[in-house]
Each structure stands twice: as structure tokens, then as C-alpha cells.
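Chemist: Okay, here's the structure, questions in a sec.
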Amino acid sequence: MKKEKAPSPKDILKRLHAIFRRTGERIIIGDKSSQQIYYVDPDSLMYIDAVQNYTNWFFSDGTKIMPNCQLHECEELISNQISEDAITLARVGRSNIVNLKYIAQLDMAKREIVISNRRNFSERISVSEESIKQLKEATLLYKESNENE
């Protein structure tokens, strides 16, 4: 009997990629030095809040994780792992990334958005002036395009 050769790291990565492709898109947070690796469903991610060198990730089911990564690293993880047409996450200021699906309200006067899972969670987030304008414009364009169909 021939002894089976152990799979190379490249083969293992190919297998993992095939699994994730079949199960839907996920974000994997962690690296070789990480003590914890997270597998995140981007559809359930409501928003990310930066706190110094960490970020808090809030999910629609009420769970929260705190991976050891800065907000710019989170942006990079998201853009590298999810196809561009599937991304509904947007940076809206110095310390937040939000999932556009969970925006329940835009408050132009206070420059805030309300993130909600429409059940038991609601959070007000301050956003930059430019971001609130872009969100309003995008929302109105979306509304108009759906009314014209």
C-alpha cells in the first residue's frame, strides 16, 4: 500500500475555498497569530464600530464580536473577500462601517443614522456630513428607480 501524501497548504486552501463558495460568501477574520478566527455572514452584520485598535462587530441576532483589527483592516478584509456586487457595507465616518440593509432612518439635521434589526435592536450612529449626503442621494435615486419600473 502506498502511503497517502499529506495535502499541501495550497490544497487545503483550495478545499476551503470550494466549501465557502458552496455555502455562500463569508468574511474570515484572523491570521496566523490569531487566537480566534471568526467566520462572519455579511448579511447578518449590522455595523462595525471602531474602538482604538479593536473593532466591535454587531449582528442582527444580538451577538457581538471584538476582533483585534483596526477599521481600515476591516475594510480591506471585506473588499478582499466579498464580490463587489454583493457588498452592502459602507464606511460612513472615521469609526463606523454600516450594512445599508439595516439603516432604518437618516437624520440629516443631527447627521445620524439609525441602525435597526427591526425587532429588538436600534442604535444611533453619528456619520460624516459627506456620508449622510451620499446616503440620502443614493436612497432617493434607489426610490426613484423603483417607482419608474
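We label chains A, B, ... in the order they appear in the C-alpha cells, count residues from 1 in each chain, and number ligands from 1 in the order shown.
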Per residue of stretch 72-118 of chain A within 8 Å of stretch 38-61 of chain A, which atom pair is closest and at what distance in Å (one decimal), using only C-alpha atoms, listed by chain and increasing number, as JSON lines?
Modeler:
```
{"residue": "A:Ser95", "atom": "CA", "partner": "A:Ala50", "partner_atom": "CA", "distance": 4.8}
{"residue": "A:Asn96", "atom": "CA", "partner": "A:Asp49", "partner_atom": "CA", "distance": 4.8}
{"residue": "A:Ile97", "atom": "CA", "partner": "A:Ile48", "partner_atom": "CA", "distance": 5.0}
{"residue": "A:Val98", "atom": "CA", "partner": "A:Tyr47", "partner_atom": "CA", "distance": 4.2}
{"residue": "A:Asn99", "atom": "CA", "partner": "A:Met46", "partner_atom": "CA", "distance": 5.1}
{"residue": "A:Lys101", "atom": "CA", "partner": "A:Met46", "partner_atom": "CA", "distance": 7.8}
{"residue": "A:Tyr102", "atom": "CA", "partner": "A:Met46", "partner_atom": "CA", "distance": 5.9}
{"residue": "A:Ile115", "atom": "CA", "partner": "A:Met46", "partner_atom": "CA", "distance": 7.1}
{"residue": "A:Ser116", "atom": "CA", "partner": "A:Met46", "partner_atom": "CA", "distance": 7.8}
{"residue": "A:Asn117", "atom": "CA", "partner": "A:Ser60", "partner_atom": "CA", "distance": 5.5}
```
Chemist: For A:Leu106, find every residue with an atom within 8 Å (counting only C-alpha atoms), except residues of its own chain fewer than 6 positions away, and show them as a ChimeraX atom specification.
Modeler: /A:112-114,132,136
Chemist: So which one's closest to A:Leu71, A:Met108, A:Ala90, A:Ile103, A:Ile125? Using only C-alpha atoms, please.
Modeler: A:Ala90
Chemist: Atom CA of A:Lys110 and atom CA of A:Gln134 are how many Å apart?
Modeler: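 These atoms are spaced 15.2 Å apart.
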Chemist: Using Å and a single decimal, report how far atom CA of A:Arg124 sits from atom CA of A:Gln36.
Modeler: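 So the answer is 29.2 Å.
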Chemist: So which one's closest to A:Ser128, A:Ser145, A:Val92, A:His72, A:Ala109? Using only C-alpha atoms, please.
Modeler: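 Nearest candidate to A:Ser128 out of A:Ser145, A:Val92, A:His72, A:Ala109: A:Val92.
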Chemist: As a PyMOL selection string, which residues of stretch 7-149 of chain A does DSSP assign to alpha helix (DSSP H)?
Modeler: chain A and resi 9-23+71-81+129-147
Chemist: Give the strand (DSSP E or B) residues of stretch 46-107 of chain A, as DSSP finds them on the backbone, and put them as a ChimeraX atom specification.
Modeler: /A:46-51,54-59,64-65,89-91,96-99,103-107
Chemist: Would you export the selected residues with N, CA, C and O atoms as a CSV table (one decimal), in the first residue's frame, please?
Modeler:
```csv
chain,number,residue,atom,x,y,z
A,46,MET,N,-24.7,44.0,11.1
A,46,MET,CA,-25.4,45.3,11.0
A,46,MET,C,-24.4,46.5,10.9
A,46,MET,O,-24.6,47.3,10.1
A,47,TYR,N,-23.4,46.5,11.8
A,47,TYR,CA,-22.4,47.5,11.7
A,47,TYR,C,-21.2,47.2,12.5
A,47,TYR,O,-21.1,46.3,13.3
A,48,ILE,N,-20.1,47.9,12.2
A,48,ILE,CA,-18.8,47.8,12.8
A,48,ILE,C,-18.5,49.1,13.5
A,48,ILE,O,-18.6,50.2,12.8
A,49,ASP,N,-18.0,49.1,14.7
A,49,ASP,CA,-17.7,50.3,15.4
A,49,ASP,C,-16.2,50.2,15.9
A,49,ASP,O,-15.9,49.2,16.6
A,50,ALA,N,-15.4,51.2,15.5
A,50,ALA,CA,-14.0,51.2,15.9
A,50,ALA,C,-13.8,51.7,17.3
A,50,ALA,O,-14.4,52.7,17.7
A,51,VAL,N,-13.0,51.0,18.1
A,51,VAL,CA,-12.6,51.4,19.4
A,51,VAL,C,-11.1,51.2,19.5
A,51,VAL,O,-10.6,50.1,19.7
A,54,TYR,N,-9.2,48.0,18.2
A,54,TYR,CA,-10.1,46.9,18.0
A,54,TYR,C,-11.4,47.4,17.3
A,54,TYR,O,-11.5,48.6,17.1
A,55,THR,N,-12.2,46.5,16.9
A,55,THR,CA,-13.5,46.9,16.4
A,55,THR,C,-14.5,46.0,17.0
A,55,THR,O,-14.3,44.8,17.4
A,56,ASN,N,-15.7,46.5,17.2
A,56,ASN,CA,-16.9,45.7,17.7
A,56,ASN,C,-17.7,45.5,16.4
A,56,ASN,O,-18.1,46.4,15.7
A,57,TRP,N,-18.1,44.2,16.2
A,57,TRP,CA,-18.9,43.8,15.1
A,57,TRP,C,-20.3,43.4,15.7
A,57,TRP,O,-20.4,42.5,16.5
A,58,PHE,N,-21.4,44.1,15.3
A,58,PHE,CA,-22.7,43.8,15.8
A,58,PHE,C,-23.6,43.1,14.8
A,58,PHE,O,-23.6,43.6,13.6
A,59,PHE,N,-24.3,42.1,15.2
A,59,PHE,CA,-25.0,41.2,14.3
A,59,PHE,C,-26.5,41.3,14.6
A,59,PHE,O,-26.9,41.6,15.7
A,64,LYS,N,-22.2,39.9,19.3
A,64,LYS,CA,-21.2,40.9,19.1
A,64,LYS,C,-19.8,40.2,19.2
A,64,LYS,O,-19.7,39.3,20.1
A,65,ILE,N,-18.9,40.5,18.3
A,65,ILE,CA,-17.6,40.0,18.4
A,65,ILE,C,-16.6,41.2,18.4
A,65,ILE,O,-17.0,42.3,18.0
A,89,LEU,N,-21.9,46.9,2.6
A,89,LEU,CA,-21.3,47.5,3.7
A,89,LEU,C,-20.6,48.8,3.2
A,89,LEU,O,-19.9,48.8,2.2
A,90,ALA,N,-20.7,49.9,4.0
A,90,ALA,CA,-20.1,51.2,3.6
A,90,ALA,C,-19.5,51.9,4.8
A,90,ALA,O,-20.2,51.9,5.9
A,91,ARG,N,-18.4,52.5,4.6
A,91,ARG,CA,-17.8,53.3,5.7
A,91,ARG,C,-18.5,54.6,5.7
A,91,ARG,O,-18.7,55.3,4.7
A,96,ASN,N,-17.0,54.0,11.8
A,96,ASN,CA,-18.1,53.1,11.5
A,96,ASN,C,-18.1,52.6,10.1
A,96,ASN,O,-17.9,53.3,9.2
A,97,ILE,N,-18.5,51.3,10.0
A,97,ILE,CA,-18.9,50.7,8.7
A,97,ILE,C,-20.3,50.2,9.0
A,97,ILE,O,-20.5,49.5,10.0
A,98,VAL,N,-21.2,50.5,8.1
A,98,VAL,CA,-22.6,50.0,8.3
A,98,VAL,C,-23.1,49.2,7.2
A,98,VAL,O,-22.6,49.3,6.0
A,99,ASN,N,-24.0,48.3,7.5
A,99,ASN,CA,-24.7,47.5,6.4
A,99,ASN,C,-25.9,48.3,6.0
A,99,ASN,O,-26.8,48.5,6.8
A,103,ILE,N,-30.1,50.1,7.8
A,103,ILE,CA,-30.4,51.6,8.0
A,103,ILE,C,-31.9,51.7,8.1
A,103,ILE,O,-32.6,51.4,7.1
A,104,ALA,N,-32.4,52.2,9.2
A,104,ALA,CA,-33.9,52.4,9.4
A,104,ALA,C,-34.3,53.9,9.3
A,104,ALA,O,-35.4,54.2,9.0
A,105,GLN,N,-33.3,54.8,9.5
A,105,GLN,CA,-33.6,56.2,9.4
A,105,GLN,C,-32.3,57.0,9.1
A,105,GLN,O,-31.3,56.7,9.6
A,106,LEU,N,-32.5,58.1,8.4
A,106,LEU,CA,-31.5,59.1,8.2
A,106,LEU,C,-31.9,60.4,8.9
A,106,LEU,O,-33.0,60.8,8.6
A,107,ASP,N,-31.1,60.9,9.7
A,107,ASP,CA,-31.5,62.2,10.4
A,107,ASP,C,-30.5,63.2,9.9
A,107,ASP,O,-29.4,63.3,10.4
```
